[in-house]
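Okay, upload.txt now, which holds compact mmCIF, C-alpha atoms:
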```
# COMPACT_ATOMS: atom_id res chain seq x y z
CA MET A 1272 -21.77 -13.34 10.44
CA LEU A 1273 -22.71 -16.49 12.31
CA MET A 1274 -24.95 -16.26 15.32
CA THR A 1275 -26.24 -18.75 17.83
CA ASP A 1276 -29.82 -17.45 18.31
CA LEU A 1277 -32.37 -19.34 16.26
CA ASP A 1278 -34.28 -17.43 13.60
CA PHE A 1279 -36.10 -20.39 12.08
CA GLU A 1280 -38.25 -18.20 9.83
CA LYS A 1281 -35.15 -16.98 7.97
CA ILE A 1282 -33.74 -20.50 7.62
CA LEU A 1283 -37.05 -21.76 6.21
CA ALA A 1284 -37.38 -18.72 3.92
CA THR A 1285 -33.89 -19.36 2.53
CA LEU A 1286 -34.68 -23.01 1.83
CA SER A 1287 -37.90 -21.91 0.13
CA ARG A 1288 -36.19 -19.24 -1.96
CA HIS A 1289 -33.86 -21.95 -3.30
CA GLU A 1290 -36.83 -24.29 -3.86
CA VAL A 1291 -35.41 -27.02 -1.65
CA ARG A 1292 -37.84 -29.91 -1.19
CA TYR A 1293 -37.81 -31.15 2.39
CA VAL A 1294 -39.99 -32.12 5.33
CA LEU A 1295 -39.61 -30.26 8.61
CA ILE A 1296 -39.03 -32.76 11.42
CA GLY A 1297 -38.01 -32.69 15.09
CA GLY A 1298 -38.93 -30.05 17.62
CA LEU A 1299 -40.33 -27.48 15.18
CA ALA A 1300 -42.54 -30.10 13.58
CA ALA A 1301 -43.79 -31.04 17.04
CA ILE A 1302 -44.44 -27.36 17.82
CA ALA A 1303 -46.48 -27.06 14.61
CA SER A 1304 -48.66 -29.87 16.02
CA GLY A 1305 -49.10 -28.21 19.40
CA SER A 1306 -46.03 -29.20 21.42
CA PRO A 1307 -45.24 -26.76 24.23
CA PHE A 1308 -41.53 -27.66 24.24
CA PRO A 1309 -39.04 -25.15 22.80
CA THR A 1310 -36.34 -26.13 20.35
CA GLU A 1311 -32.89 -24.79 19.60
CA ASP A 1312 -32.59 -25.84 15.97
CA VAL A 1313 -34.31 -26.52 12.67
CA ASP A 1314 -34.38 -30.19 11.63
CA VAL A 1315 -35.14 -31.17 8.05
CA THR A 1316 -35.20 -34.26 5.86
CA PRO A 1317 -34.51 -33.25 2.25
CA GLU A 1318 -35.60 -35.08 -0.85
CA ARG A 1319 -32.43 -36.74 -2.16
CA SER A 1320 -32.47 -36.05 -5.92
CA ALA A 1321 -29.32 -34.54 -7.43
CA GLU A 1322 -31.21 -31.38 -8.42
CA ASN A 1323 -32.62 -30.89 -4.93
CA LEU A 1324 -29.23 -31.47 -3.30
CA ASP A 1325 -27.73 -28.82 -5.61
CA ARG A 1326 -30.45 -26.38 -4.51
CA LEU A 1327 -29.77 -27.30 -0.88
CA SER A 1328 -26.05 -26.61 -1.39
CA ARG A 1329 -26.82 -23.13 -2.77
CA ALA A 1330 -29.14 -22.45 0.18
CA LEU A 1331 -26.42 -23.53 2.61
CA ASP A 1332 -24.01 -21.12 0.92
CA GLU A 1333 -26.48 -18.28 1.44
CA LEU A 1334 -26.95 -19.34 5.08
CA GLU A 1335 -23.15 -19.33 5.57
CA ALA A 1336 -23.46 -22.89 6.88
CA ARG A 1337 -20.57 -24.40 8.78
CA VAL A 1338 -20.21 -27.82 10.40
CA TYR A 1339 -21.27 -27.61 14.06
CA THR A 1340 -19.22 -29.46 16.65
CA SER A 1341 -19.34 -29.42 20.44
CA THR A 1342 -15.89 -27.81 20.49
CA GLU A 1343 -16.70 -25.34 17.68
CA PRO A 1344 -20.32 -24.23 18.23
CA LEU A 1345 -19.95 -21.46 15.61
CA GLY A 1346 -18.91 -24.15 13.18
CA VAL A 1347 -16.03 -25.20 11.01
CA PRO A 1348 -16.02 -24.09 7.35
CA PHE A 1349 -16.60 -26.83 4.81
CA GLY A 1350 -16.82 -27.02 1.05
CA HIS A 1351 -19.84 -28.73 -0.41
CA ASP A 1352 -21.92 -29.33 -3.47
CA GLY A 1353 -25.03 -31.40 -3.97
CA ALA A 1354 -23.11 -34.62 -4.50
CA SER A 1355 -20.99 -34.22 -1.37
CA LEU A 1356 -24.04 -33.38 0.75
CA GLY A 1357 -25.70 -36.60 -0.42
CA ARG A 1358 -22.74 -38.73 0.68
CA SER A 1359 -23.50 -38.21 4.36
CA GLU A 1360 -26.61 -39.25 6.28
CA VAL A 1361 -26.54 -36.35 8.77
CA TRP A 1362 -25.26 -32.78 8.72
CA ASN A 1363 -25.19 -30.74 11.93
CA LEU A 1364 -24.70 -27.14 10.89
CA ALA A 1365 -24.36 -23.69 12.36
CA THR A 1366 -25.75 -20.95 10.10
CA SER A 1367 -26.09 -17.19 10.17
CA PHE A 1368 -29.59 -17.76 11.59
CA GLY A 1369 -28.94 -20.58 14.05
CA ARG A 1370 -28.60 -24.36 14.04
CA LEU A 1371 -29.77 -26.44 11.09
CA ASP A 1372 -29.66 -30.23 11.27
CA ILE A 1373 -30.14 -32.26 8.11
CA SER A 1374 -31.03 -35.94 8.41
CA PHE A 1375 -31.69 -37.99 5.29
CA HIS A 1376 -33.01 -40.99 7.26
CA PRO A 1377 -34.27 -39.90 10.69
CA ASN A 1378 -34.48 -42.72 13.22
CA GLY A 1379 -37.53 -44.90 12.71
CA THR A 1380 -38.16 -43.67 9.15
CA THR A 1381 -37.03 -44.46 5.65
CA GLY A 1382 -36.49 -40.82 4.77
CA PHE A 1383 -38.21 -38.18 2.68
CA PRO A 1384 -40.82 -40.28 0.83
CA ASP A 1385 -41.89 -41.91 4.10
CA LEU A 1386 -42.24 -38.58 5.92
CA ALA A 1387 -43.76 -36.70 2.97
CA ARG A 1388 -46.64 -39.20 2.76
CA ASP A 1389 -48.42 -37.86 5.88
CA ALA A 1390 -46.86 -34.38 6.03
CA PHE A 1391 -49.04 -31.28 6.11
CA ASP A 1392 -48.49 -27.69 5.03
CA VAL A 1393 -47.99 -24.77 7.41
CA SER A 1394 -47.48 -21.15 6.40
CA VAL A 1395 -44.58 -19.49 8.21
CA GLN A 1396 -44.58 -15.78 7.40
CA GLY A 1397 -45.87 -16.50 3.90
CA VAL A 1398 -43.56 -19.47 3.28
CA VAL A 1399 -45.32 -22.83 2.86
CA VAL A 1400 -43.48 -25.51 4.80
CA ARG A 1401 -44.12 -29.27 4.64
CA VAL A 1402 -44.22 -30.57 8.22
CA ALA A 1403 -43.94 -34.15 9.38
CA SER A 1404 -47.08 -35.50 11.03
CA LEU A 1405 -47.09 -35.74 14.79
CA ALA A 1406 -47.33 -39.53 14.51
CA ASP A 1407 -44.12 -39.54 12.43
CA VAL A 1408 -42.37 -37.20 14.88
CA ILE A 1409 -43.32 -39.55 17.71
CA ARG A 1410 -42.17 -42.59 15.73
CA SER A 1411 -38.78 -40.98 15.10
CA LYS A 1412 -38.31 -39.78 18.68
CA GLN A 1413 -39.22 -43.26 20.00
CA ALA A 1414 -36.65 -44.85 17.70
CA ALA A 1415 -33.95 -42.32 18.65
CA ASN A 1416 -34.63 -43.06 22.33
CA ARG A 1417 -32.51 -40.12 23.54
CA PRO A 1418 -33.17 -38.75 27.05
CA LYS A 1419 -34.43 -35.44 25.60
CA ASP A 1420 -36.87 -37.33 23.39
CA GLN A 1421 -38.07 -39.55 26.25
CA ARG A 1422 -38.92 -36.41 28.26
CA VAL A 1423 -41.27 -35.02 25.57
CA LEU A 1424 -42.85 -38.24 24.28
CA PRO A 1425 -45.61 -38.54 26.93
CA THR A 1426 -46.89 -35.05 26.08
CA LEU A 1427 -46.64 -35.63 22.33
CA ARG A 1428 -48.58 -38.87 22.69
CA GLU A 1429 -51.28 -37.06 24.69
CA ILE A 1430 -51.59 -34.39 21.99
CA LEU A 1431 -51.91 -37.06 19.30
CA ALA A 1432 -54.45 -39.04 21.33
CA SER A 1433 -56.57 -35.92 21.93
CA ARG A 1434 -56.85 -35.42 18.17
CA HIS A 1435 -57.41 -39.03 17.24
CA PRO A 1436 -59.49 -41.05 19.72
CA ARG A 1437 -58.32 -44.31 18.13
CA ASN A 1438 -54.77 -43.45 19.20
CA ARG A 1439 -55.70 -43.13 22.89
CA PRO A 1440 -53.91 -45.67 25.07
CA GLU A 1441 -56.15 -48.26 26.65
CA ALA A 1442 -56.75 -47.83 30.39
```
Show the structure stored in the file as structure tokens.
Amino acid sequence: MLMTDLDFEKILATLSRHEVRYVLIGGLAAIASGSPFPTEDVDVTPERSAENLDRLSRALDELEARVYTSTEPLGVPFGHDGASLGRSEVWNLATSFGRLDISFHPNGTTGFPDLARDAFDVSVQGVVVRVASLADVIRSKQAANRPKDQRVLPTLREILASRHPRNRPEA
């Protein structure tokens, strides 16, 4: 049964149960670094090996993932395996626990190895999740340059600057 409310803990637990290697990006990654802004989805960048994509495909089956569109917010069914998932750069999905967006090369990054380099671990109800650094989240949101990203960037930059004095903007 697909639903629209986000239960990110269950999405992350499912990815973990299937041993999917990924970095959490986007709004949830920003929240893990102190952002006060809510999010409506889970954004991840998976590692792109064939084995990992096969695990991701099995996790998506368990999540009852469907392709999200603006005209079909509960999603359109789609068949997939690891190879077919790897042939697209972005998947916008509706799952039984809310929205899941998969981006293999988020704006401003070169993908999983780039993001994994500075990622840190967070425990979410006993599940260890690799989370993109706040600097990488900012870099990606700057490159995307969407209105919703532009609204949160000043606050994210302030949070980063408060943690790292060398990142403070010059007066």
Please, what distance in Å, to one decimal, runs between atom CA of Thr1316 of chain A and atom CA of Leu1386 of chain A?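 Going from atom CA of Thr1316 of chain A over to atom CA of Leu1386 of chain A, I get 8.3 Å.
Interatomic distance, atom CA of Tyr1339 of chain A against atom CA of Arg1401 of chain A: 24.8 Å.
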What is the atom CA of Val1402 of chain A to atom CA of Val1294 of chain A distance in Å?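 Between atom CA of Val1402 of chain A and atom CA of Val1294 of chain A the gap works out to 5.4 Å.
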For Glu1335 of chain A, list every protein, DNA or RNA residue within 6 Å, evaluated using all atoms listed in the file, and leave out those in the same chain fewer than 2 positions away; present the list as a ChimeraX atom specification. /A:1332-1333,1366-1367
Val1315 of chain A surroundings by all atoms listed in the file, 12 Å radius, close-in-sequence under 6 positions cut, as number ranges by chain: A: 1279, 1282-1283, 1286, 1291-1300, 1327, 1360-1364, 1370-1377, 1382-1383, 1386-1387, 1400-1403, 1408
A:Ser1304, A:Ser1320, A:Thr1342, A:Ser1411: which is nearest Ser1433 of chain A, counting all atoms listed in the file? A:Ser1304
Would you kindly return, as a ChimeraX atom specification, each protein, DNA or RNA residue with an atom no farther than 12 Å from any atom of Thr1426 of chain A, considering only C-alpha atoms and excluding same-chain residues fewer than 2 positions away? /A:1301-1302,1304-1308,1405,1409,1420-1424,1428-1433
Write to file, as a PDB file, in the coordinates of the input, the residues of the selection just made, with C-alpha atoms.
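Now in out16.pdb:
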```
ATOM      1  CA  ALA A1301     -43.790 -31.040  17.040  1.00  0.00           C
ATOM      2  CA  ILE A1302     -44.440 -27.360  17.820  1.00  0.00           C
ATOM      3  CA  SER A1304     -48.660 -29.870  16.020  1.00  0.00           C
ATOM      4  CA  GLY A1305     -49.100 -28.210  19.400  1.00  0.00           C
ATOM      5  CA  SER A1306     -46.030 -29.200  21.420  1.00  0.00           C
ATOM      6  CA  PRO A1307     -45.240 -26.760  24.230  1.00  0.00           C
ATOM      7  CA  PHE A1308     -41.530 -27.660  24.240  1.00  0.00           C
ATOM      8  CA  LEU A1405     -47.090 -35.740  14.790  1.00  0.00           C
ATOM      9  CA  ILE A1409     -43.320 -39.550  17.710  1.00  0.00           C
ATOM     10  CA  ASP A1420     -36.870 -37.330  23.390  1.00  0.00           C
ATOM     11  CA  GLN A1421     -38.070 -39.550  26.250  1.00  0.00           C
ATOM     12  CA  ARG A1422     -38.920 -36.410  28.260  1.00  0.00           C
ATOM     13  CA  VAL A1423     -41.270 -35.020  25.570  1.00  0.00           C
ATOM     14  CA  LEU A1424     -42.850 -38.240  24.280  1.00  0.00           C
ATOM     15  CA  ARG A1428     -48.580 -38.870  22.690  1.00  0.00           C
ATOM     16  CA  GLU A1429     -51.280 -37.060  24.690  1.00  0.00           C
ATOM     17  CA  ILE A1430     -51.590 -34.390  21.990  1.00  0.00           C
ATOM     18  CA  LEU A1431     -51.910 -37.060  19.300  1.00  0.00           C
ATOM     19  CA  ALA A1432     -54.450 -39.040  21.330  1.00  0.00           C
ATOM     20  CA  SER A1433     -56.570 -35.920  21.930  1.00  0.00           C
TER      21      SER A1433
END
```
For Gly1379 of chain A, the closest of A:Asp1407, A:Asp1392, A:Asp1352, A:Asp1278 counting only C-alpha atoms is A:Asp1407
Given 4 Å of margin on each side, can you work out the centre and size in Å (one decimal) of an axis-aligned box holding every listed atom of segment 1326-1337 of chain A, as AutoDock Vina command-line options?
```
--center_x -25.5 --center_y -22.8 --center_z 2.1 --size_x 17.9 --size_y 17.0 --size_z 21.3
```
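When all atoms listed in the file are used to measure the gap to Lys1419 of chain A, the shortest distance among A:Thr1310, A:Ser1328, A:Ser1341, A:Asn1323 belongs to A:Thr1310.
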Considering all atoms listed in the file, return as a PyMOL selection string whatever protein or nucleic-acid residues lie within 7 Å of Gly1346 of chain A, sequence-local ones (same chain, fewer than 3 positions apart) excluded. chain A and resi 1337-1340+1343+1364-1365
Could you check the closest approach to Arg1329 of chain A for each of A:Ala1354, A:Ala1303, A:His1289, A:Pro1309 and tell me which residue wins, using all atoms listed in the file?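 Answer, going by the shortest atom-to-atom distance: A:His1289.
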Smallest atom-to-atom distance to Thr1380 of chain A: which of A:Arg1358, A:Lys1281, A:Arg1417, A:Lys1412, using only C-alpha atoms? A:Lys1412
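The residue that comes closest to Leu1331 of chain A, out of A:Gly1357, A:Pro1384, A:Gly1397, A:Gly1350 and on the basis of all atoms listed in the file, is A:Gly1350.
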Could you add whatever atoms are missing so that segment 1367-1395 of chain A carries N, CA and C atoms, then write the result as a compact mmCIF listing (two decimals), keeping the file's coordinate frame?
```txt
# COMPACT_ATOMS: atom_id res chain seq x y z
N SER A 1367 -25.96 -18.58 9.75
CA SER A 1367 -26.09 -17.19 10.17
C SER A 1367 -27.40 -16.94 10.91
N PHE A 1368 -28.31 -17.91 10.90
CA PHE A 1368 -29.59 -17.76 11.59
C PHE A 1368 -29.84 -18.83 12.64
N GLY A 1369 -28.80 -19.56 13.03
CA GLY A 1369 -28.94 -20.58 14.05
C GLY A 1369 -28.65 -21.98 13.52
N ARG A 1370 -28.92 -22.97 14.36
CA ARG A 1370 -28.60 -24.36 14.04
C ARG A 1370 -29.57 -24.95 13.02
N LEU A 1371 -29.01 -25.71 12.09
CA LEU A 1371 -29.77 -26.44 11.09
C LEU A 1371 -29.21 -27.85 11.04
N ASP A 1372 -30.07 -28.83 11.35
CA ASP A 1372 -29.66 -30.23 11.27
C ASP A 1372 -30.38 -30.90 10.11
N ILE A 1373 -29.61 -31.57 9.28
CA ILE A 1373 -30.14 -32.26 8.11
C ILE A 1373 -29.97 -33.75 8.34
N SER A 1374 -31.07 -34.49 8.24
CA SER A 1374 -31.03 -35.94 8.41
C SER A 1374 -31.77 -36.57 7.24
N PHE A 1375 -31.06 -37.36 6.45
CA PHE A 1375 -31.69 -37.99 5.29
C PHE A 1375 -32.55 -39.19 5.67
N HIS A 1376 -32.23 -39.84 6.77
CA HIS A 1376 -33.01 -40.99 7.26
C HIS A 1376 -33.17 -40.87 8.78
N PRO A 1377 -34.07 -40.01 9.24
CA PRO A 1377 -34.27 -39.90 10.69
C PRO A 1377 -34.60 -41.27 11.29
N ASN A 1378 -34.20 -41.46 12.52
CA ASN A 1378 -34.48 -42.72 13.22
C ASN A 1378 -35.94 -43.10 13.05
N GLY A 1379 -36.17 -44.38 12.80
CA GLY A 1379 -37.53 -44.90 12.71
C GLY A 1379 -38.24 -44.60 11.41
N THR A 1380 -37.54 -44.00 10.44
CA THR A 1380 -38.16 -43.67 9.15
C THR A 1380 -37.28 -44.16 8.01
N THR A 1381 -37.84 -44.14 6.82
CA THR A 1381 -37.03 -44.46 5.65
C THR A 1381 -36.71 -43.21 4.84
N GLY A 1382 -36.91 -42.05 5.43
CA GLY A 1382 -36.49 -40.82 4.77
C GLY A 1382 -37.63 -40.01 4.18
N PHE A 1383 -37.28 -39.16 3.22
CA PHE A 1383 -38.21 -38.18 2.68
C PHE A 1383 -39.53 -38.76 2.18
N PRO A 1384 -39.53 -39.79 1.32
CA PRO A 1384 -40.82 -40.28 0.83
C PRO A 1384 -41.73 -40.77 1.96
N ASP A 1385 -41.15 -41.41 2.94
CA ASP A 1385 -41.89 -41.91 4.10
C ASP A 1385 -42.52 -40.75 4.86
N LEU A 1386 -41.75 -39.72 5.15
CA LEU A 1386 -42.24 -38.58 5.92
C LEU A 1386 -43.18 -37.69 5.12
N ALA A 1387 -42.93 -37.57 3.82
CA ALA A 1387 -43.76 -36.70 2.97
C ALA A 1387 -45.19 -37.25 2.84
N ARG A 1388 -45.33 -38.56 2.95
CA ARG A 1388 -46.64 -39.20 2.76
C ARG A 1388 -47.72 -38.60 3.67
N ASP A 1389 -47.42 -38.37 4.94
CA ASP A 1389 -48.42 -37.86 5.88
C ASP A 1389 -48.15 -36.42 6.32
N ALA A 1390 -47.20 -35.76 5.66
CA ALA A 1390 -46.86 -34.38 6.03
C ALA A 1390 -48.00 -33.44 5.69
N PHE A 1391 -48.03 -32.30 6.36
CA PHE A 1391 -49.04 -31.28 6.11
C PHE A 1391 -48.35 -29.94 5.92
N ASP A 1392 -49.06 -29.00 5.31
CA ASP A 1392 -48.49 -27.69 5.03
C ASP A 1392 -48.82 -26.69 6.13
N VAL A 1393 -47.83 -25.87 6.46
CA VAL A 1393 -47.99 -24.77 7.41
C VAL A 1393 -47.38 -23.54 6.75
N SER A 1394 -48.04 -22.40 6.91
CA SER A 1394 -47.48 -21.15 6.40
C SER A 1394 -46.71 -20.47 7.52
N VAL A 1395 -45.44 -20.18 7.26
CA VAL A 1395 -44.58 -19.49 8.21
C VAL A 1395 -44.17 -18.17 7.56
```
